[in-house]
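**Q** Take a look at the following structure, please.
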Amino acid sequence: MRIDVLTLFPEIFHSYLGQSVLKKAIERGLVEIHLHNIRDWSHDKKHHKVDDRPFGGGPGMVLMAPPVVECVEAVQAMANEPGHLVMLTPQGRKLNQAVVEELAQHPRLLLLCGRYEGFDERIRLILKPDEISIGDYVLNGGEVAAMVVIDAVIRLVPGVLGDEESSRQDSFSGPDRLLDHAQYTRPRCYRGYEVPAVLLSGNHRAIERWRLMDRRRRTEERRRDLLEGSTTLRLGESTRDEKVSKNSLGKCGDAGTCPESSATESRKESEKGCQA
């Protein structure tokens, strides 16, 4: 996948591009990120000005149409595929996992970052971009929003994650768009809270059922609105398994040591026990 970022401040991205999963994806040739400074298309060759005061008065400055439009058109011509143009704006459709999955289907994305009071309206009318917002709040510019889009989209590029199943089990993923289930790791017991025994049982079918019910429970408690589209578990269902899921986090013994578990943990872990 190729992603072109059009911005007034390309240097903001330098550290971001050199970190973690994205860095490895770039090194392996799975993702290309190209930065373009909109000022390079300014008609003001001396000061590289790209903004001006709004007609009709008002605070702040507005990004002018000529440098932005000409920048986008020039960048689109840099590859055989002109790409899918995204304008990052608080007035766009809200980014969610379904939109991320949609964007990930494009072989090339152009992310247009705004600044100041926003874009001259003629930029939108001429370029007809896909307007996207990352939430109902205002940032100083579109650069952070572009990073959010990049981070979310590249996770869906085949080969970027070590385990492809990881992205399919994330919150908001899959046909039901549920939140993810609770996660646990060592130690088995900490400050009086013990890992649910089912996760140590080795019974994969029971573990899968527990995780499904925990996803449903968490979603109903925290994001009930997501359950309206659920096909696996409908709103208002109540089952014995769900009650077990809700109360499955045990308490350690009074002495601070986890009670004996029937779980098939390693012999070494069982012999040691776990301390609160």
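By convention in this document, the chains of the structure tokens carry letters A, B, ... by their order, each chain's residues are numbered from 1, and ligands are numbered from 1 in the order they are shown.
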Neighbours of Leu30 (chain A) within 10 Å (only C-alpha atoms; same-chain residues fewer than 5 positions away dropped), as number ranges by chain?
**A** A: 1-2, 22, 24-25, 154, 157-160
**Q** Please dump the current selection as an mmCIF file, in the first residue's frame; keep C-alpha atoms.
**A**
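part_30.cif, freshly written:
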data_model
loop_
_atom_site.group_PDB
_atom_site.id
_atom_site.type_symbol
_atom_site.label_atom_id
_atom_site.label_comp_id
_atom_site.auth_asym_id
_atom_site.auth_seq_id
_atom_site.Cartn_x
_atom_site.Cartn_y
_atom_site.Cartn_z
ATOM 1 C CA MET A 1 0.000 0.000 0.000
ATOM 2 C CA ARG A 2 1.167 3.525 -0.804
ATOM 3 C CA LEU A 22 4.971 0.995 10.877
ATOM 4 C CA LYS A 24 8.957 -2.629 10.121
ATOM 5 C CA ALA A 25 6.198 -2.519 7.506
ATOM 6 C CA ILE A 154 -1.804 -0.479 7.925
ATOM 7 C CA VAL A 157 -2.448 -4.723 5.176
ATOM 8 C CA PRO A 158 -1.558 -8.413 4.794
ATOM 9 C CA GLY A 159 1.749 -9.266 6.441
ATOM 10 C CA VAL A 160 2.057 -6.115 8.584
#
**Q** Neighbouring residues of Asn96 (chain A) were defined as those with any atom within 12 Å, considering only C-alpha atoms; residues of the same chain fewer than 5 positions away were excluded. Please report them as a list in words.
**A** Glu101, Glu102, Leu103, Ile132, Ser133, Ile134, Gly135, Val148, Val149, Ala152, Val153, Ser171, Phe172, Ser173, Arg177 and Leu226 of chain A
**Q** Can I get the selection written as a tab-separated table (two decimals), in the first residue's frame, with N, CA and C atoms?
**A**
chain	number	residue	atom	x	y	z
A	101	GLU	N	-11.64	-0.31	7.30
A	101	GLU	CA	-11.62	-1.48	6.42
A	101	GLU	C	-11.87	-1.07	4.97
A	102	GLU	N	-12.72	-0.09	4.78
A	102	GLU	CA	-13.00	0.43	3.44
A	102	GLU	C	-11.75	1.09	2.85
A	103	LEU	N	-11.08	1.92	3.65
A	103	LEU	CA	-9.88	2.61	3.17
A	103	LEU	C	-8.75	1.63	2.86
A	132	ILE	N	-13.15	12.98	6.03
A	132	ILE	CA	-13.17	12.10	7.19
A	132	ILE	C	-12.75	12.86	8.44
A	133	SER	N	-13.46	12.60	9.53
A	133	SER	CA	-13.17	13.17	10.84
A	133	SER	C	-12.83	12.04	11.80
A	134	ILE	N	-11.88	12.26	12.70
A	134	ILE	CA	-11.56	11.23	13.69
A	134	ILE	C	-12.35	11.43	14.98
A	135	GLY	N	-13.20	12.45	15.04
A	135	GLY	CA	-14.02	12.65	16.23
A	135	GLY	C	-14.57	14.05	16.32
A	148	VAL	N	-3.49	8.78	12.81
A	148	VAL	CA	-4.53	7.86	13.27
A	148	VAL	C	-4.99	6.98	12.11
A	149	VAL	N	-5.25	7.60	10.97
A	149	VAL	CA	-5.70	6.84	9.80
A	149	VAL	C	-4.63	5.84	9.36
A	152	ALA	N	-4.34	2.87	11.83
A	152	ALA	CA	-5.48	1.95	11.76
A	152	ALA	C	-5.47	1.14	10.46
A	153	VAL	N	-5.17	1.81	9.36
A	153	VAL	CA	-5.24	1.16	8.04
A	153	VAL	C	-4.14	0.13	7.84
A	171	SER	N	-11.21	-4.99	18.97
A	171	SER	CA	-12.48	-4.30	19.20
A	171	SER	C	-13.00	-3.71	17.90
A	172	PHE	N	-14.30	-3.75	17.72
A	172	PHE	CA	-15.01	-3.19	16.57
A	172	PHE	C	-14.82	-3.99	15.28
A	173	SER	N	-14.06	-5.09	15.33
A	173	SER	CA	-13.80	-5.87	14.13
A	173	SER	C	-14.78	-7.03	14.02
A	177	ARG	N	-18.90	-6.29	15.44
A	177	ARG	CA	-18.33	-5.02	15.90
A	177	ARG	C	-18.34	-4.89	17.42
A	226	LEU	N	-23.39	-0.48	20.13
A	226	LEU	CA	-22.79	-1.40	19.16
A	226	LEU	C	-23.59	-2.69	19.01
**Q** Using only C-alpha atoms, which of the listed residues (A:Arg188, A:His43, A:His106, A:His181) sits closest to Arg216 (chain A)?
**A**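 Closest residue, counting only C-alpha atoms: A:His181.
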**Q** Show which residues sit within 8 Å of Ile38 (chain A), as number ranges by chain. Count only C-alpha atoms, and ignore same-chain residues fewer than 5 positions away.
**A** A: 6-8, 50, 67-68, 71
**Q** Deliver the residues from the most recent selection as a file, using all heavy atoms, as a compact mmCIF listing (two decimals), in the first residue's frame.
**A**
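Ended up saving to part-v4.txt:
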# COMPACT_ATOMS: atom_id res chain seq x y z
N LEU A 6 -0.07 14.94 2.48
CA LEU A 6 0.09 16.32 2.01
C LEU A 6 -0.12 17.24 3.20
O LEU A 6 -1.21 17.29 3.77
CB LEU A 6 -0.92 16.62 0.90
CG LEU A 6 -0.72 15.92 -0.45
CD1 LEU A 6 -0.90 14.40 -0.34
CD2 LEU A 6 -1.69 16.46 -1.50
N THR A 7 0.92 17.98 3.56
CA THR A 7 0.91 18.72 4.82
C THR A 7 1.79 19.96 4.75
O THR A 7 2.68 20.04 3.89
CB THR A 7 1.40 17.81 5.96
OG1 THR A 7 1.62 18.58 7.14
CG2 THR A 7 2.71 17.11 5.59
N LEU A 8 1.56 20.88 5.65
CA LEU A 8 2.44 22.05 5.78
C LEU A 8 3.62 21.74 6.69
O LEU A 8 4.59 22.50 6.72
CB LEU A 8 1.66 23.25 6.35
CG LEU A 8 0.50 23.79 5.51
CD1 LEU A 8 -0.16 24.95 6.22
CD2 LEU A 8 0.98 24.21 4.13
N VAL A 50 0.74 30.13 1.88
CA VAL A 50 -0.33 29.25 1.40
C VAL A 50 -1.68 29.59 2.04
O VAL A 50 -2.67 28.90 1.77
CB VAL A 50 0.01 27.77 1.68
CG1 VAL A 50 1.21 27.31 0.87
CG2 VAL A 50 0.22 27.53 3.17
N PRO A 67 -2.56 26.61 -4.19
CA PRO A 67 -1.46 25.70 -3.83
C PRO A 67 -1.94 24.31 -3.41
O PRO A 67 -1.28 23.31 -3.70
CB PRO A 67 -0.77 26.42 -2.66
CG PRO A 67 -1.78 27.36 -2.12
CD PRO A 67 -2.61 27.78 -3.28
N VAL A 68 -3.09 24.24 -2.74
CA VAL A 68 -3.59 22.94 -2.27
C VAL A 68 -4.06 22.09 -3.45
O VAL A 68 -3.69 20.91 -3.57
CB VAL A 68 -4.72 23.11 -1.24
CG1 VAL A 68 -5.29 21.75 -0.85
CG2 VAL A 68 -4.21 23.84 -0.01
N CYS A 71 -1.10 21.05 -5.57
CA CYS A 71 -0.31 20.04 -4.86
C CYS A 71 -0.96 18.67 -5.01
O CYS A 71 -0.28 17.68 -5.34
CB CYS A 71 -0.19 20.42 -3.39
SG CYS A 71 0.60 19.17 -2.35
**Q** Need the shell around Leu127 (chain A): protein/DNA/RNA residues with any atom at most 12 Å away, counting only C-alpha atoms. Skip same-chain ones fewer than 4 positions apart. Format as a CSV table (one decimal) with N, CA, C and O atoms, in the first residue's frame?
**A**
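out_7.csv was written with the following content:
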chain,number,residue,atom,x,y,z
A,65,ALA,N,-6.9,28.0,-2.2
A,65,ALA,CA,-7.2,26.9,-3.1
A,65,ALA,C,-6.0,26.6,-4.1
A,65,ALA,O,-5.7,25.4,-4.3
A,66,PRO,N,-5.4,27.6,-4.7
A,66,PRO,CA,-4.4,27.3,-5.7
A,66,PRO,C,-3.3,26.3,-5.3
A,66,PRO,O,-3.0,25.3,-5.9
A,68,VAL,N,-3.1,24.2,-2.7
A,68,VAL,CA,-3.6,22.9,-2.3
A,68,VAL,C,-4.1,22.1,-3.4
A,68,VAL,O,-3.7,20.9,-3.6
A,69,VAL,N,-4.9,22.7,-4.3
A,69,VAL,CA,-5.4,21.9,-5.5
A,69,VAL,C,-4.2,21.5,-6.4
A,69,VAL,O,-4.2,20.3,-6.8
A,70,GLU,N,-3.3,22.4,-6.6
A,70,GLU,CA,-2.2,22.0,-7.5
A,70,GLU,C,-1.2,21.0,-6.9
A,70,GLU,O,-0.7,20.1,-7.6
A,71,CYS,N,-1.1,21.0,-5.6
A,71,CYS,CA,-0.3,20.0,-4.9
A,71,CYS,C,-1.0,18.7,-5.0
A,71,CYS,O,-0.3,17.7,-5.3
A,72,VAL,N,-2.3,18.6,-4.8
A,72,VAL,CA,-3.0,17.3,-4.9
A,72,VAL,C,-2.9,16.7,-6.3
A,72,VAL,O,-2.5,15.6,-6.5
A,73,GLU,N,-3.1,17.6,-7.3
A,73,GLU,CA,-3.1,17.1,-8.6
A,73,GLU,C,-1.7,16.6,-9.0
A,73,GLU,O,-1.5,15.6,-9.8
A,76,GLN,N,-1.0,13.3,-7.3
A,76,GLN,CA,-1.8,12.2,-7.9
A,76,GLN,C,-1.1,11.7,-9.2
A,76,GLN,O,-1.1,10.5,-9.5
A,84,HIS,N,-6.9,7.3,-3.7
A,84,HIS,CA,-8.2,7.7,-3.0
A,84,HIS,C,-7.8,8.9,-2.1
A,84,HIS,O,-7.1,8.8,-1.2
A,85,LEU,N,-8.4,10.1,-2.4
A,85,LEU,CA,-8.1,11.3,-1.7
A,85,LEU,C,-9.0,11.5,-0.5
A,85,LEU,O,-10.2,11.5,-0.6
A,86,VAL,N,-8.3,11.6,0.7
A,86,VAL,CA,-9.0,11.8,2.0
A,86,VAL,C,-8.6,13.2,2.5
A,86,VAL,O,-7.5,13.5,2.7
A,87,MET,N,-9.7,14.0,2.7
A,87,MET,CA,-9.5,15.3,3.4
A,87,MET,C,-9.8,15.1,4.9
A,87,MET,O,-10.9,14.8,5.2
A,110,LEU,N,-4.3,9.2,-0.4
A,110,LEU,CA,-3.7,10.6,-0.3
A,110,LEU,C,-4.4,11.2,0.9
A,110,LEU,O,-5.6,11.3,0.9
A,112,LEU,N,-4.9,14.5,3.0
A,112,LEU,CA,-4.7,15.9,2.9
A,112,LEU,C,-5.0,16.5,4.3
A,112,LEU,O,-6.1,16.5,4.8
A,119,PHE,N,-9.9,24.8,5.1
A,119,PHE,CA,-9.7,24.9,3.6
A,119,PHE,C,-10.7,25.9,3.0
A,119,PHE,O,-11.9,26.0,3.4
A,120,ASP,N,-10.2,26.6,2.0
A,120,ASP,CA,-11.1,27.3,1.1
A,120,ASP,C,-12.1,26.3,0.5
A,120,ASP,O,-11.7,25.2,0.1
A,121,GLU,N,-13.4,26.6,0.5
A,121,GLU,CA,-14.4,25.7,0.1
A,121,GLU,C,-14.2,25.2,-1.3
A,121,GLU,O,-14.6,24.1,-1.6
A,122,ARG,N,-13.6,26.0,-2.2
A,122,ARG,CA,-13.4,25.6,-3.6
A,122,ARG,C,-12.5,24.4,-3.7
A,122,ARG,O,-12.5,23.6,-4.7
A,123,ILE,N,-11.6,24.1,-2.7
A,123,ILE,CA,-10.8,22.9,-2.7
A,123,ILE,C,-11.6,21.7,-2.6
A,123,ILE,O,-11.4,20.7,-3.4
A,131,GLU,N,-14.2,13.1,2.7
A,131,GLU,CA,-14.0,13.9,4.0
A,131,GLU,C,-14.2,13.0,5.2
A,131,GLU,O,-15.2,12.4,5.4
**Q** Rounded to one decimal in Å, what is the spacing between CA of Arg218 (chain A) and CA of Val195 (chain A)?
**A**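 Separation of CA of Arg218 (chain A) and CA of Val195 (chain A): 16.9 Å.
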**Q** For Ala182 (chain A), please output as a list in words all residues within 8 Å (counting only C-alpha atoms; exclusion window: fewer than 4 positions along the same chain).
**A** Arg211, Asp214 and Arg215 of chain A
**Q** Counting only C-alpha atoms, which of A:Ala197, A:Ile126, A:Cys189, A:Leu95 gets nearest to Ala145 (chain A)?
**A**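 For Ala145 (chain A), the nearest of the given residues is A:Leu95.
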**Q** Report the residues of region 118-227 of chain A whose backbone DSSP state falls under strand (DSSP E or B), written as a PyMOL selection string.
**A** chain A and resi 119+130-133+141+189-190+193-194
**Q** With N, CA, C and O atoms retained, could you export that selection as a PDB file, in the first residue's frame?
**A**
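again_24.pdb written:
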ATOM      1  N   PHE A 119      -9.948  24.802   5.069  1.00  0.00           N
ATOM      2  CA  PHE A 119      -9.727  24.899   3.629  1.00  0.00           C
ATOM      3  C   PHE A 119     -10.688  25.882   2.976  1.00  0.00           C
ATOM      4  O   PHE A 119     -11.856  25.973   3.357  1.00  0.00           O
ATOM      5  N   ASP A 130     -12.849  12.443  -0.149  1.00  0.00           N
ATOM      6  CA  ASP A 130     -13.574  11.700   0.876  1.00  0.00           C
ATOM      7  C   ASP A 130     -13.264  12.418   2.188  1.00  0.00           C
ATOM      8  O   ASP A 130     -12.151  12.330   2.704  1.00  0.00           O
ATOM      9  N   GLU A 131     -14.230  13.135   2.740  1.00  0.00           N
ATOM     10  CA  GLU A 131     -13.997  13.923   3.958  1.00  0.00           C
ATOM     11  C   GLU A 131     -14.179  13.044   5.187  1.00  0.00           C
ATOM     12  O   GLU A 131     -15.236  12.436   5.370  1.00  0.00           O
ATOM     13  N   ILE A 132     -13.152  12.985   6.031  1.00  0.00           N
ATOM     14  CA  ILE A 132     -13.167  12.101   7.189  1.00  0.00           C
ATOM     15  C   ILE A 132     -12.754  12.861   8.439  1.00  0.00           C
ATOM     16  O   ILE A 132     -11.809  13.647   8.432  1.00  0.00           O
ATOM     17  N   SER A 133     -13.465  12.603   9.527  1.00  0.00           N
ATOM     18  CA  SER A 133     -13.168  13.175  10.845  1.00  0.00           C
ATOM     19  C   SER A 133     -12.832  12.043  11.802  1.00  0.00           C
ATOM     20  O   SER A 133     -13.443  10.971  11.745  1.00  0.00           O
ATOM     21  N   GLY A 141      -4.254  20.766  13.654  1.00  0.00           N
ATOM     22  CA  GLY A 141      -4.060  20.446  12.247  1.00  0.00           C
ATOM     23  C   GLY A 141      -4.410  19.002  11.970  1.00  0.00           C
ATOM     24  O   GLY A 141      -4.687  18.216  12.878  1.00  0.00           O
ATOM     25  N   CYS A 189      -2.066 -14.681  39.828  1.00  0.00           N
ATOM     26  CA  CYS A 189      -2.789 -13.979  40.867  1.00  0.00           C
ATOM     27  C   CYS A 189      -2.037 -12.703  41.224  1.00  0.00           C
ATOM     28  O   CYS A 189      -0.821 -12.726  41.381  1.00  0.00           O
ATOM     29  N   TYR A 190      -2.758 -11.589  41.322  1.00  0.00           N
ATOM     30  CA  TYR A 190      -2.101 -10.317  41.642  1.00  0.00           C
ATOM     31  C   TYR A 190      -3.041  -9.449  42.476  1.00  0.00           C
ATOM     32  O   TYR A 190      -4.169  -9.183  42.083  1.00  0.00           O
ATOM     33  N   TYR A 193      -6.572 -10.647  42.928  1.00  0.00           N
ATOM     34  CA  TYR A 193      -7.369 -10.966  41.745  1.00  0.00           C
ATOM     35  C   TYR A 193      -6.728 -12.112  40.975  1.00  0.00           C
ATOM     36  O   TYR A 193      -5.554 -12.042  40.596  1.00  0.00           O
ATOM     37  N   GLU A 194      -7.521 -13.153  40.738  1.00  0.00           N
ATOM     38  CA  GLU A 194      -7.017 -14.343  40.060  1.00  0.00           C
ATOM     39  C   GLU A 194      -7.532 -14.394  38.626  1.00  0.00           C
ATOM     40  O   GLU A 194      -8.646 -13.968  38.318  1.00  0.00           O
TER      41      GLU A 194
END
**Q** One decimal, in Å: what's the spacing between CA of Asp4 (chain A) and CA of Leu111 (chain A)?
**A** 6.2 Å
**Q** List every residue of region 37-198 of chain A that DSSP, applied to the backbone, labels as helix (DSSP H, G or I), and write the result as an NGL selection string.
**A** :A and (38-41 or 65-76 or 97-103 or 121-127 or 143-154 or 164-168 or 197-198)
**Q** May I have the residues from that selection written out with C-alpha atoms, as a CSV table (one decimal), in the first residue's frame?
**A**
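Contents of again-v5.csv, freshly written:
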chain,number,residue,atom,x,y,z
A,38,ILE,CA,2.1,21.9,0.3
A,39,ARG,CA,4.3,25.0,0.5
A,40,ASP,CA,6.3,23.7,-2.5
A,41,TRP,CA,3.3,24.6,-4.7
A,65,ALA,CA,-7.2,26.9,-3.1
A,66,PRO,CA,-4.4,27.3,-5.7
A,67,PRO,CA,-1.5,25.7,-3.8
A,68,VAL,CA,-3.6,22.9,-2.3
A,69,VAL,CA,-5.4,21.9,-5.5
A,70,GLU,CA,-2.2,22.0,-7.5
A,71,CYS,CA,-0.3,20.0,-4.9
A,72,VAL,CA,-3.0,17.3,-4.9
A,73,GLU,CA,-3.1,17.1,-8.6
A,74,ALA,CA,0.7,16.9,-8.9
A,75,VAL,CA,1.0,14.2,-6.2
A,76,GLN,CA,-1.8,12.2,-7.9
A,97,GLN,CA,-13.4,0.4,12.0
A,98,ALA,CA,-15.8,-0.1,9.0
A,99,VAL,CA,-14.4,3.0,7.4
A,100,VAL,CA,-10.9,1.8,8.1
A,101,GLU,CA,-11.6,-1.5,6.4
A,102,GLU,CA,-13.0,0.4,3.4
A,103,LEU,CA,-9.9,2.6,3.2
A,121,GLU,CA,-14.4,25.7,0.1
A,122,ARG,CA,-13.4,25.6,-3.6
A,123,ILE,CA,-10.8,22.9,-2.7
A,124,ARG,CA,-13.5,20.6,-1.7
A,125,LEU,CA,-15.7,21.4,-4.7
A,126,ILE,CA,-12.9,20.9,-7.2
A,127,LEU,CA,-11.2,17.8,-5.7
A,143,GLU,CA,-1.4,15.7,10.9
A,144,VAL,CA,-2.3,13.8,14.1
A,145,ALA,CA,-5.6,12.7,12.3
A,146,ALA,CA,-3.5,11.4,9.4
A,147,MET,CA,-1.4,9.4,11.8
A,148,VAL,CA,-4.5,7.9,13.3
A,149,VAL,CA,-5.7,6.8,9.8
A,150,ILE,CA,-2.3,5.4,8.9
A,151,ASP,CA,-2.0,3.5,12.1
A,152,ALA,CA,-5.5,1.9,11.8
A,153,VAL,CA,-5.2,1.2,8.0
A,154,ILE,CA,-1.8,-0.5,7.9
A,164,GLU,CA,-3.3,-12.0,11.0
A,165,GLU,CA,-5.9,-13.2,13.5
A,166,SER,CA,-4.9,-10.3,15.8
A,167,SER,CA,-6.7,-7.6,13.7
A,168,ARG,CA,-9.8,-9.8,13.2
A,197,ALA,CA,-9.9,-20.6,35.6
A,198,VAL,CA,-11.3,-21.3,32.2
**Q** Which of these residues is nearest to Asn140 (chain A), using only C-alpha atoms: A:Leu17, A:Leu227, A:Leu161, A:Cys113?
**A**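 Looking only at the distances to Asn140 (chain A), the closest residue turns out to be A:Cys113.
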**Q** Considering only C-alpha atoms, return as a tab-separated table (two decimals) with C-alpha atoms, in the first residue's frame whatever protein or nucleic-acid residues lie within 7 Å of Asp51 (chain A), sequence-local ones (same chain, fewer than 2 positions apart) excluded.
**A**
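Result file is out35.tsv:
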chain	number	residue	atom	x	y	z
A	49	LYS	CA	2.63	31.64	1.63
A	61	MET	CA	-6.38	32.30	8.24
A	62	VAL	CA	-7.73	30.02	5.52
A	63	LEU	CA	-5.73	27.68	3.28
A	64	MET	CA	-5.85	29.04	-0.27
